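Participant: File follows, start.txt with compact mmCIF, C-alpha atoms and all ligand atoms:
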# COMPACT_ATOMS: atom_id res chain seq x y z
CA MET A 885 8.59 -17.74 13.08
CA THR A 886 7.69 -16.69 9.53
CA THR A 887 10.06 -14.24 7.87
CA PRO A 888 8.56 -10.75 7.56
CA VAL A 889 7.61 -9.80 4.05
CA LEU A 890 9.21 -6.36 4.23
CA THR A 891 11.58 -4.86 6.78
CA THR A 892 13.22 -1.49 6.36
CA HIS A 893 15.41 0.50 8.70
CA LEU A 894 15.87 4.24 8.16
CA LEU A 895 15.39 3.58 4.47
CA THR A 896 16.11 6.73 2.47
CA LYS A 897 16.02 7.48 -1.24
CA ARG A 898 17.01 10.83 -2.68
CA TYR A 899 17.09 11.91 -6.31
CA GLY A 900 19.64 14.73 -6.28
CA THR A 901 18.29 17.08 -3.64
CA GLN A 902 14.75 15.65 -3.88
CA SER A 903 13.83 13.36 -0.97
CA ALA A 904 11.58 10.61 -2.30
CA LEU A 905 11.67 8.50 0.88
CA THR A 906 13.08 9.57 4.24
CA GLU A 907 14.15 7.25 7.06
CA ALA A 908 11.33 4.75 6.62
CA THR A 909 11.35 2.03 9.28
CA LEU A 910 8.82 -0.75 8.69
CA ASP A 911 8.26 -4.33 9.76
CA ILE A 912 5.46 -5.98 7.80
CA PRO A 913 4.55 -9.57 8.69
CA ALA A 914 3.98 -12.19 5.99
CA GLY A 915 0.48 -13.11 4.85
CA ARG A 916 -0.92 -9.59 4.81
CA ILE A 917 -2.59 -7.56 2.12
CA VAL A 918 -0.89 -4.25 2.68
CA GLY A 919 -2.35 -0.94 1.53
CA LEU A 920 0.16 1.82 0.91
CA VAL A 921 -1.63 5.17 0.87
CA GLY A 922 -0.59 8.79 0.59
CA PRO A 923 -0.95 11.83 -1.64
CA ASN A 924 0.80 12.38 -4.98
CA GLY A 925 4.55 12.50 -4.57
CA ALA A 926 4.45 10.95 -1.07
CA GLY A 927 7.00 8.27 -1.98
CA LYS A 928 4.75 5.25 -2.58
CA SER A 929 6.17 4.27 -5.98
CA THR A 930 9.67 4.83 -4.63
CA LEU A 931 9.11 2.43 -1.73
CA LEU A 932 7.64 -0.19 -4.09
CA ALA A 933 10.49 0.24 -6.58
CA LEU A 934 12.98 -0.22 -3.72
CA ALA A 935 11.13 -3.40 -2.65
CA ALA A 936 11.22 -4.72 -6.21
CA GLY A 937 14.95 -3.94 -6.43
CA LEU A 938 14.44 -1.52 -9.33
CA VAL A 939 16.20 1.29 -7.48
CA ARG A 940 18.81 1.23 -4.74
CA PRO A 941 18.58 3.03 -1.40
CA THR A 942 20.61 6.18 -0.80
CA SER A 943 20.97 5.00 2.80
CA GLY A 944 19.34 2.65 5.28
CA THR A 945 18.42 -0.98 4.72
CA ILE A 946 15.62 -2.98 3.12
CA GLU A 947 14.89 -6.69 3.15
CA VAL A 948 12.13 -8.42 1.22
CA LEU A 949 11.27 -11.91 2.45
CA GLY A 950 14.46 -11.81 4.49
CA ARG A 951 16.82 -10.96 1.63
CA ARG A 952 18.13 -7.98 -0.32
CA PRO A 953 15.67 -7.10 -3.11
CA ALA A 954 16.60 -8.56 -6.51
CA ALA A 955 19.74 -10.09 -4.97
CA ASP A 956 19.77 -12.87 -7.57
CA ALA A 957 17.50 -14.81 -9.94
CA ALA A 958 16.03 -16.87 -7.09
CA GLN A 959 15.07 -13.74 -5.17
CA LEU A 960 13.63 -12.11 -8.30
CA ALA A 961 11.40 -15.16 -8.78
CA ARG A 962 9.95 -14.71 -5.27
CA VAL A 963 8.48 -11.29 -6.03
CA GLY A 964 5.90 -10.37 -8.69
CA PHE A 965 5.90 -6.65 -9.44
CA VAL A 966 3.28 -4.80 -11.48
CA ALA A 967 4.28 -1.19 -12.14
CA GLN A 968 1.87 1.75 -12.16
CA ASP A 969 0.77 1.62 -15.80
CA THR A 970 0.12 -2.19 -15.84
CA PRO A 971 2.83 -2.70 -18.43
CA VAL A 972 2.06 -5.15 -21.23
CA TYR A 973 3.46 -5.35 -24.75
CA ALA A 974 0.91 -3.75 -27.10
CA GLY A 975 2.03 -5.74 -30.16
CA LEU A 976 1.95 -9.15 -28.45
CA SER A 977 -1.18 -11.25 -28.02
CA VAL A 978 -2.39 -12.52 -24.65
CA ALA A 979 -1.06 -15.99 -25.59
CA ASP A 980 2.33 -14.48 -26.56
CA HIS A 981 2.55 -12.92 -23.10
CA LEU A 982 2.03 -16.32 -21.49
CA THR A 983 4.69 -17.90 -23.72
CA LEU A 984 7.11 -15.12 -22.82
CA GLY A 985 6.29 -15.50 -19.12
CA GLU A 986 7.00 -19.21 -19.33
CA LYS A 987 10.38 -18.61 -20.98
CA LEU A 988 11.45 -15.97 -18.48
CA ASN A 989 10.30 -17.50 -15.20
CA PRO A 990 11.68 -20.69 -13.66
CA HIS A 991 8.58 -21.50 -11.58
CA TRP A 992 6.01 -20.51 -14.21
CA ASP A 993 2.62 -22.08 -13.50
CA LYS A 994 1.29 -22.78 -16.99
CA GLN A 995 -2.01 -24.17 -15.79
CA LEU A 996 -2.71 -21.25 -13.49
CA ALA A 997 -1.94 -18.77 -16.28
CA ARG A 998 -4.28 -20.55 -18.73
CA GLN A 999 -7.05 -20.91 -16.15
CA ARG A 1000 -6.92 -17.25 -15.15
CA VAL A 1001 -6.98 -16.05 -18.74
CA GLU A 1002 -10.10 -18.14 -19.30
CA GLN A 1003 -11.70 -17.20 -15.99
CA VAL A 1004 -11.37 -13.44 -16.52
CA GLY A 1005 -12.48 -13.76 -20.15
CA LEU A 1006 -9.34 -12.68 -21.97
CA ASP A 1007 -9.14 -13.73 -25.63
CA PRO A 1008 -5.74 -15.44 -26.03
CA LYS A 1009 -5.48 -14.25 -29.64
CA LYS A 1010 -6.15 -10.59 -28.87
CA LYS A 1011 -3.22 -8.16 -28.98
CA ALA A 1012 -2.58 -6.53 -25.59
CA GLY A 1013 -2.75 -3.09 -27.24
CA ARG A 1014 -6.43 -3.75 -27.97
CA LEU A 1015 -7.40 -4.74 -24.42
CA SER A 1016 -9.34 -2.38 -22.16
CA GLY A 1017 -7.66 -0.92 -19.06
CA GLY A 1018 -9.32 -3.54 -16.88
CA GLN A 1019 -8.31 -6.38 -19.17
CA LYS A 1020 -4.70 -5.12 -19.25
CA ALA A 1021 -4.72 -5.04 -15.45
CA GLN A 1022 -6.02 -8.62 -15.41
CA LEU A 1023 -3.31 -9.72 -17.86
CA ALA A 1024 -0.61 -8.03 -15.77
CA LEU A 1025 -1.98 -9.70 -12.62
CA THR A 1026 -2.01 -13.07 -14.39
CA LEU A 1027 1.61 -12.69 -15.48
CA ALA A 1028 2.72 -11.67 -11.99
CA ALA A 1029 0.69 -14.47 -10.37
CA ALA A 1030 1.82 -17.26 -12.68
CA LYS A 1031 5.40 -16.61 -11.54
CA ARG A 1032 4.12 -18.16 -8.29
CA PRO A 1033 5.74 -15.44 -6.18
CA GLU A 1034 5.63 -15.26 -2.40
CA LEU A 1035 4.97 -11.53 -2.64
CA LEU A 1036 2.91 -9.59 -5.17
CA VAL A 1037 3.63 -5.86 -5.41
CA PHE A 1038 1.20 -3.57 -7.26
CA ASP A 1039 1.67 0.12 -7.86
CA GLU A 1040 -1.87 1.53 -8.12
CA PRO A 1041 -3.36 -1.50 -9.85
CA VAL A 1042 -6.84 -0.04 -10.26
CA ALA A 1043 -6.04 3.61 -10.99
CA ALA A 1044 -7.22 3.42 -14.61
CA LEU A 1045 -10.34 1.34 -14.00
CA ASP A 1046 -13.95 2.45 -13.71
CA PRO A 1047 -15.68 1.70 -10.37
CA LEU A 1048 -17.26 -1.56 -11.54
CA ALA A 1049 -14.08 -2.88 -13.14
CA ARG A 1050 -12.17 -1.80 -10.03
CA ARG A 1051 -14.46 -3.72 -7.73
CA ALA A 1052 -14.34 -6.80 -9.96
CA PHE A 1053 -10.55 -6.65 -10.17
CA LEU A 1054 -10.14 -6.31 -6.39
CA GLN A 1055 -12.67 -9.07 -5.70
CA ASN A 1056 -10.79 -11.31 -8.08
CA LEU A 1057 -7.47 -10.36 -6.47
CA MET A 1058 -8.78 -11.24 -3.00
CA GLU A 1059 -10.09 -14.64 -4.09
CA PHE A 1060 -6.89 -15.38 -5.81
CA VAL A 1061 -4.73 -14.29 -2.84
CA ALA A 1062 -6.78 -16.51 -0.53
CA ASP A 1063 -6.18 -19.49 -2.86
CA MET A 1064 -2.51 -18.84 -3.39
CA ASP A 1065 -1.14 -18.07 0.07
CA VAL A 1066 0.74 -15.00 -1.07
CA SER A 1067 1.47 -11.63 0.54
CA VAL A 1068 0.45 -8.49 -1.31
CA ILE A 1069 1.55 -4.86 -1.13
CA LEU A 1070 -0.49 -2.43 -3.19
CA SER A 1071 -0.54 1.34 -3.37
CA SER A 1072 -3.77 3.22 -3.82
CA HIS A 1073 -5.33 6.66 -3.52
CA LEU A 1074 -8.69 5.08 -2.79
CA LEU A 1075 -9.22 4.57 0.93
CA GLY A 1076 -12.49 2.71 0.34
CA ASP A 1077 -10.66 0.10 -1.72
CA VAL A 1078 -7.94 -0.21 0.89
CA GLU A 1079 -10.51 -0.67 3.65
CA ARG A 1080 -12.30 -3.37 1.67
CA VAL A 1081 -9.26 -5.33 0.57
CA CYS A 1082 -6.33 -4.71 2.92
CA ASP A 1083 -5.61 -5.84 6.46
CA HIS A 1084 -2.41 -3.84 6.98
CA LEU A 1085 -1.80 -0.16 6.30
CA VAL A 1086 1.18 2.09 5.66
CA VAL A 1087 0.48 5.83 5.40
CA LEU A 1088 3.14 7.84 3.63
CA ALA A 1089 3.25 11.63 3.32
CA GLU A 1090 6.02 14.11 2.65
CA SER A 1091 8.33 11.12 1.98
CA ARG A 1092 7.90 9.80 5.53
CA VAL A 1093 5.95 6.94 7.10
CA GLN A 1094 3.24 8.60 9.18
CA VAL A 1095 1.76 5.44 10.68
CA ALA A 1096 1.80 1.71 9.93
CA GLY A 1097 0.23 -1.42 11.33
CA ASP A 1098 -2.61 -3.93 11.09
CA ILE A 1099 -5.77 -1.98 10.26
CA ASP A 1100 -7.85 -3.47 13.08
CA ASP A 1101 -5.16 -2.57 15.61
CA LEU A 1102 -4.80 0.95 14.23
CA THR A 1103 -8.50 1.75 14.11
CA GLY A 1104 -8.91 0.29 17.61
CA ALA A 1105 -6.11 2.49 18.95
CA HIS A 1106 -7.11 5.86 17.45
CA HIS A 1107 -9.76 7.85 19.29
CA ARG A 1108 -11.51 11.17 19.13
CA VAL A 1109 -11.72 12.70 22.60
CA VAL A 1110 -13.85 15.75 23.32
CA GLY A 1111 -13.79 17.59 26.64
CA PRO A 1112 -14.13 21.02 28.22
CA ARG A 1113 -11.13 23.21 27.46
CA GLY A 1114 -8.24 22.59 29.83
CA THR A 1115 -9.36 19.12 30.91
CA LEU A 1116 -7.35 17.23 28.30
CA ASP A 1117 -3.99 18.90 28.81
CA ALA A 1118 -2.40 15.98 30.65
CA LEU A 1119 -2.88 12.61 28.96
CA PRO A 1120 -1.63 9.22 30.17
CA GLU A 1121 1.86 8.24 29.02
CA GLY A 1122 1.74 6.44 25.67
CA VAL A 1123 -1.31 8.34 24.46
CA ASP A 1124 -0.02 10.54 21.65
CA VAL A 1125 -1.91 13.53 20.32
CA ILE A 1126 -2.11 13.39 16.52
CA ALA A 1127 -4.30 16.47 16.12
CA ALA A 1128 -5.88 19.03 18.42
CA ASP A 1129 -8.62 21.61 17.93
CA HIS A 1130 -9.68 24.14 20.52
CA THR A 1131 -12.65 26.43 20.79
CA ASP A 1132 -13.13 28.81 23.74
CA ARG A 1133 -14.98 26.12 25.66
CA GLN A 1134 -13.99 22.81 24.21
CA THR A 1135 -11.02 20.74 23.09
CA THR A 1136 -11.18 17.97 20.47
CA LEU A 1137 -8.24 15.61 20.17
CA ILE A 1138 -7.41 12.72 17.89
CA VAL A 1139 -5.11 10.46 19.90
CA HIS A 1140 -3.13 7.30 19.24
CA ASN A 1141 -3.22 4.99 22.22
CA THR A 1142 0.06 3.07 22.07
CA THR A 1143 -0.22 1.61 25.58
CA GLY A 1144 -1.84 -1.66 24.50
CA ARG A 1145 -4.45 -1.10 27.23
CA PRO A 1146 -7.98 0.27 26.77
CA LEU A 1147 -8.09 4.05 26.69
CA ASP A 1148 -9.52 5.29 29.98
CA LEU A 1149 -10.75 8.74 28.98
CA PRO A 1150 -14.38 9.88 29.26
CA GLY A 1151 -16.01 10.64 25.93
CA ALA A 1152 -13.40 8.80 23.85
CA GLU A 1153 -14.70 7.13 20.71
CA THR A 1154 -12.78 5.29 18.01
CA VAL A 1155 -12.31 6.99 14.66
CA GLY A 1156 -12.77 5.18 11.35
CA LEU A 1157 -9.98 4.42 8.92
CA GLU A 1158 -10.72 7.39 6.67
CA ASP A 1159 -10.67 9.95 9.48
CA MET A 1160 -7.54 8.40 10.93
CA VAL A 1161 -5.66 8.53 7.62
CA LEU A 1162 -6.85 12.08 6.87
CA THR A 1163 -5.69 13.22 10.29
CA TYR A 1164 -2.18 11.94 9.60
CA LEU A 1165 -2.17 13.46 6.11
CA HIS A 1166 -3.32 16.82 7.46
CA ARG A 1167 -0.74 16.67 10.21
CA ALA A 1168 2.00 16.01 7.65
CA GLU A 1169 0.83 19.08 5.75
CA GLY A 1170 0.63 21.12 8.95
CA ILE A 1171 -3.17 21.42 8.89
CA GLY A 1172 -5.19 20.99 12.10
CA VAL A 1173 -8.00 18.59 12.92
CA PRO A 1174 -11.02 20.88 12.26
CA THR A 1175 -10.73 20.14 8.56
CA LEU A 1176 -11.85 16.57 9.32
CA GLN A 1177 -15.45 17.76 9.11
CA GLU A 1178 -14.73 19.84 6.04
CA THR A 1179 -13.19 16.93 4.17
CA ARG A 1180 -16.42 15.01 4.50
CA SER A 1181 -18.56 17.69 2.89
N1 LIG A 1201 13.36 9.17 -11.04
C1 LIG A 1201 13.12 10.26 -10.32
N2 LIG A 1201 13.88 11.36 -10.44
C2 LIG A 1201 13.65 12.46 -9.69
N3 LIG A 1201 12.68 12.55 -8.76
C3 LIG A 1201 11.89 11.50 -8.60
C4 LIG A 1201 12.05 10.29 -9.35
N4 LIG A 1201 11.12 9.41 -8.96
C5 LIG A 1201 10.39 10.03 -8.00
N5 LIG A 1201 10.85 11.28 -7.78
C6 LIG A 1201 10.33 12.25 -6.81
O1 LIG A 1201 10.23 11.59 -5.55
C7 LIG A 1201 9.03 11.96 -4.88
C8 LIG A 1201 8.22 10.71 -4.59
O2 LIG A 1201 7.72 10.20 -5.82
P1 LIG A 1201 6.89 8.87 -5.93
O3 LIG A 1201 6.67 8.61 -7.38
O4 LIG A 1201 7.54 7.81 -5.13
O5 LIG A 1201 5.51 9.30 -5.22
P2 LIG A 1201 4.11 8.57 -5.23
O6 LIG A 1201 3.62 8.61 -3.80
O7 LIG A 1201 4.18 7.27 -5.88
O8 LIG A 1201 3.23 9.58 -6.09
P3 LIG A 1201 1.95 9.29 -7.04
O9 LIG A 1201 0.80 9.00 -6.12
O10 LIG A 1201 1.77 10.63 -7.72
O11 LIG A 1201 2.28 8.19 -7.99
C9 LIG A 1201 8.32 12.97 -5.79
O12 LIG A 1201 8.63 14.25 -5.35
C10 LIG A 1201 8.91 12.70 -7.15
O13 LIG A 1201 8.92 13.86 -7.93
Using structure tokens, write down the structure from this file.
Ligand SMILES: Nc1ncnc2c1ncn2[C@@H]1O[C@H](COP(=O)(O)OP(=O)(O)OP(=O)(O)O)[C@@H](O)[C@H]1O

Facilitator:
Amino acid sequence: MTTPVLTTHLLTKRYGTQSALTEATLDIPAGRIVGLVGPNGAGKSTLLALAAGLVRPTSGTIEVLGRRPAADAAQLARVGFVAQDTPVYAGLSVADHLTLGEKLNPHWDKQLARQRVEQVGLDPKKKAGRLSGGQKAQLALTLAAAKRPELLVFDEPVAALDPLARRAFLQNLMEFVADMDVSVILSSHLLGDVERVCDHLVVLAESRVQVAGDIDDLTGAHHRVVGPRGTLDALPEGVDVIAADHTDRQTTLIVHNTTGRPLDLPGAETVGLEDMVLTYLHRAEGIGVPTLQETRS
């Protein structure tokens, strides 16, 4: 069996009295492109920093590729991490970055680095400070990729990019991931991007994991059920109500069917990824399901 890419158990990180991540329990299989979504301050960067070994847990456990994050040089080499602001050295040229990468990384893939720079049209002589946001993101991806990691971790890789550059970057990332046999975890505010690129989802809000799993499984297991008021009060065991809205005559529920069997309720229809995620985010904020319609307008 392949080692999971990320496992956490009751993982908690506090800064003083501020809870950044609370009792997160996750088990993410290898080979996925994982989208980590949630509002500002939800704990996404904290989870990624814990995975990269940049910060230590307050309590609970975390393993990345079966080992403690940043346990030693060998473990560091297995993970490529690109922080939120796609950090590059403004005063160094693109070529200088590749030289530095080669010096610092034992498994540096010189050919891959050179090829990618050429393929995405970066001028090796250009100083990184003069690159556009998209080009900086491409350089940061190249540096992380040429380490030949087993896991690439990106904190909001496309946040600074315009829609076209974003699409190009994500397309390029997908092609490259398919070629390289690498797992990816990326955080994003953009559900459309996550839907296009990712096959596994973690929703964080209020420092807690709200829901996690393979996207196809999750969207197949979340349903909107509408029925006359009073008829949906008793649901089968394993069908959890995520949100409920009642009018005088009618009840609308969003349910998570955890039974593994088809949901046998009249009028049930699956909800899309966006509605599912918004339902969890509203629930975390204590807002009911009726706002689903409002959020669309
Ligand atoms: N170094 C720190 N010191 C104190 N508090 C911190 C620190 N880092 C994060 N926090 C707090 O922890 C919480 C989670 O922050 P985090 O940066 O992980 O959220 P996020 O989901 O990545 O947010 P965003 O989408 O805005 O980047 C926030 O309330 C934040 O203020």

Participant: Work out how far apart atom CA of A:Ala1044 and atom CA of A:Asp969 are and give it in Å to one decimal.

Facilitator: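 Result for atom CA of A:Ala1044 versus atom CA of A:Asp969: 8.3 Å, one decimal.
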
Participant: How far is it from atom CA of A:Gln1055 to atom CA of A:Leu920, in Å with one decimal?

Facilitator: 18.1 Å

Participant: Taking into account all atoms listed in the file, which residue in the set A:Leu895, A:Ala1043, A:Ile1138, A:Ala1118 is nearest to A:Thr930?

Facilitator: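 The shortest atom-to-atom distance to A:Thr930 comes from A:Leu895.
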
Participant: Hey, which residues sit close to ligand LIG 1201 (chain A)? Say within 10 Å, counting only C-alpha atoms and all ligand atoms, and write them as a PyMOL selection string.

Facilitator: chain A and resi 897-905+920-934+939+968+1039-1040+1043+1071-1073+1088-1091

Participant: Find the residues near A:Leu1015: any atom within 12 Å, counting all atoms listed in the file, skip ones fewer than 2 places away on the same chain, and give them as a list in words.

Facilitator: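 Once the adjacent positions are removed, what remains is Thr970, Val972, Tyr973, Ala974, Gly975, Leu976, Ser977, Val978, Gly1005, Leu1006, Asp1007, Pro1008, Lys1009, Lys1010, Lys1011, Ala1012, Gly1013, Gly1017, Gly1018, Gln1019, Lys1020, Ala1021, Gln1022, Leu1023 and Ala1024 of chain A.
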
Participant: Which is closest to A:Thr1163 among A:Arg1092, A:Arg1080, A:His893, A:His1107, if we use only C-alpha atoms?

Facilitator: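 Of all the options, A:His1107 lies closest to A:Thr1163.
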
Participant: Calculated over only C-alpha atoms, which of the candidates A:Asp1046, A:Asp956, A:Glu1059, A:Asp1129 has the smallest distance to A:Val1110?

Facilitator: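 Ranked by minimum distance to A:Val1110, first place goes to A:Asp1129.
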
Participant: Between atom CA of A:Pro1146 and atom CA of A:Ile1099, what distance in Å does the model show, to one decimal?

Facilitator: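 Between atom CA of A:Pro1146 and atom CA of A:Ile1099 the gap is 16.8 Å.
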
Participant: Counting all atoms listed in the file, which residues of stretch 1047-1154 of chain A fall within 12 Å of stretch 999-1002 of chain A, and what is the closest atom pair for each with its distance in Å at one decimal, ordered by chain and rising number, as a Markdown table?

Facilitator:
| residue | atom | partner | partner_atom | distance |
| --- | --- | --- | --- | --- |
| A:Asn1056 | CA | A:Arg1000 | CA | 10.0 |
| A:Leu1057 | CA | A:Arg1000 | CA | 11.1 |
| A:Glu1059 | CA | A:Arg1000 | CA | 11.8 |
| A:Phe1060 | CA | A:Arg1000 | CA | 9.5 |

Participant: Excluding stretch 887-892 of chain A and its own-chain neighbours fewer than 5 positions away, which residues fall within 8 Å of it when counting only C-alpha atoms? Please give them as a list in words.

Facilitator: Ala908, Thr909, Leu910, Asp911, Ile912, Pro913, Ala914, Gly915, Ala935, Gly944, Thr945, Ile946, Glu947, Val948, Leu949, Gly950, Leu1035 and Ser1067 of chain A

Participant: Please check which residues have atoms at most 10 Å from (-3.8, 10.4, 9.9) in the file's coordinates, counting only C-alpha atoms, and write them as number ranges by chain.

Facilitator: A: 922, 1087-1089, 1094-1095, 1106, 1126-1127, 1138, 1140, 1157-1168, 1173

Participant: Under the rule that all atoms listed in the file are counted, which of A:Gly1114, A:Val1093, A:Leu1147, A:Lys994 is the nearest residue to A:Gln1134?

Facilitator: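 Under the stated criterion, the closest residue is A:Gly1114.
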
Participant: Got a minute to add N, CA and C atoms to stretch 901-919 of chain A and dump it as a CSV table (one decimal), keeping the file's coordinate frame?

Facilitator:
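The file below, rebuild34.csv, is the result:
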chain,number,residue,atom,x,y,z
A,901,THR,N,18.7,16.5,-4.9
A,901,THR,CA,18.3,17.1,-3.6
A,901,THR,C,16.9,16.7,-3.3
A,902,GLN,N,16.1,16.0,-4.1
A,902,GLN,CA,14.8,15.6,-3.9
A,902,GLN,C,14.7,14.4,-3.0
A,903,SER,N,14.0,14.5,-1.8
A,903,SER,CA,13.8,13.4,-1.0
A,903,SER,C,12.6,12.6,-1.4
A,904,ALA,N,12.7,11.4,-1.9
A,904,ALA,CA,11.6,10.6,-2.3
A,904,ALA,C,11.1,9.7,-1.2
A,905,LEU,N,12.0,9.3,-0.3
A,905,LEU,CA,11.7,8.5,0.9
A,905,LEU,C,12.7,8.8,2.0
A,906,THR,N,12.2,9.1,3.2
A,906,THR,CA,13.1,9.6,4.2
A,906,THR,C,12.9,8.7,5.5
A,907,GLU,N,14.0,8.0,5.8
A,907,GLU,CA,14.2,7.2,7.1
A,907,GLU,C,12.9,6.4,7.4
A,908,ALA,N,12.5,5.6,6.4
A,908,ALA,CA,11.3,4.8,6.6
A,908,ALA,C,11.8,3.5,7.4
A,909,THR,N,11.1,3.2,8.5
A,909,THR,CA,11.4,2.0,9.3
A,909,THR,C,10.0,1.2,9.4
A,910,LEU,N,10.0,0.1,8.8
A,910,LEU,CA,8.8,-0.8,8.7
A,910,LEU,C,9.1,-2.2,9.0
A,911,ASP,N,8.1,-2.9,9.5
A,911,ASP,CA,8.3,-4.3,9.8
A,911,ASP,C,6.9,-5.0,9.4
A,912,ILE,N,6.8,-5.5,8.2
A,912,ILE,CA,5.5,-6.0,7.8
A,912,ILE,C,5.5,-7.5,7.8
A,913,PRO,N,4.6,-8.1,8.6
A,913,PRO,CA,4.6,-9.6,8.7
A,913,PRO,C,4.1,-10.2,7.4
A,914,ALA,N,4.4,-11.5,7.2
A,914,ALA,CA,4.0,-12.2,6.0
A,914,ALA,C,2.5,-12.4,6.1
A,915,GLY,N,1.9,-12.7,4.9
A,915,GLY,CA,0.5,-13.1,4.8
A,915,GLY,C,-0.5,-12.0,4.9
A,916,ARG,N,0.0,-10.7,4.8
A,916,ARG,CA,-0.9,-9.6,4.8
A,916,ARG,C,-1.2,-9.1,3.4
A,917,ILE,N,-2.3,-8.4,3.3
A,917,ILE,CA,-2.6,-7.6,2.1
A,917,ILE,C,-2.4,-6.1,2.6
A,918,VAL,N,-1.3,-5.5,2.1
A,918,VAL,CA,-0.9,-4.2,2.7
A,918,VAL,C,-1.3,-3.1,1.7
A,919,GLY,N,-2.0,-2.1,2.3
A,919,GLY,CA,-2.4,-0.9,1.5
A,919,GLY,C,-1.4,0.2,1.8
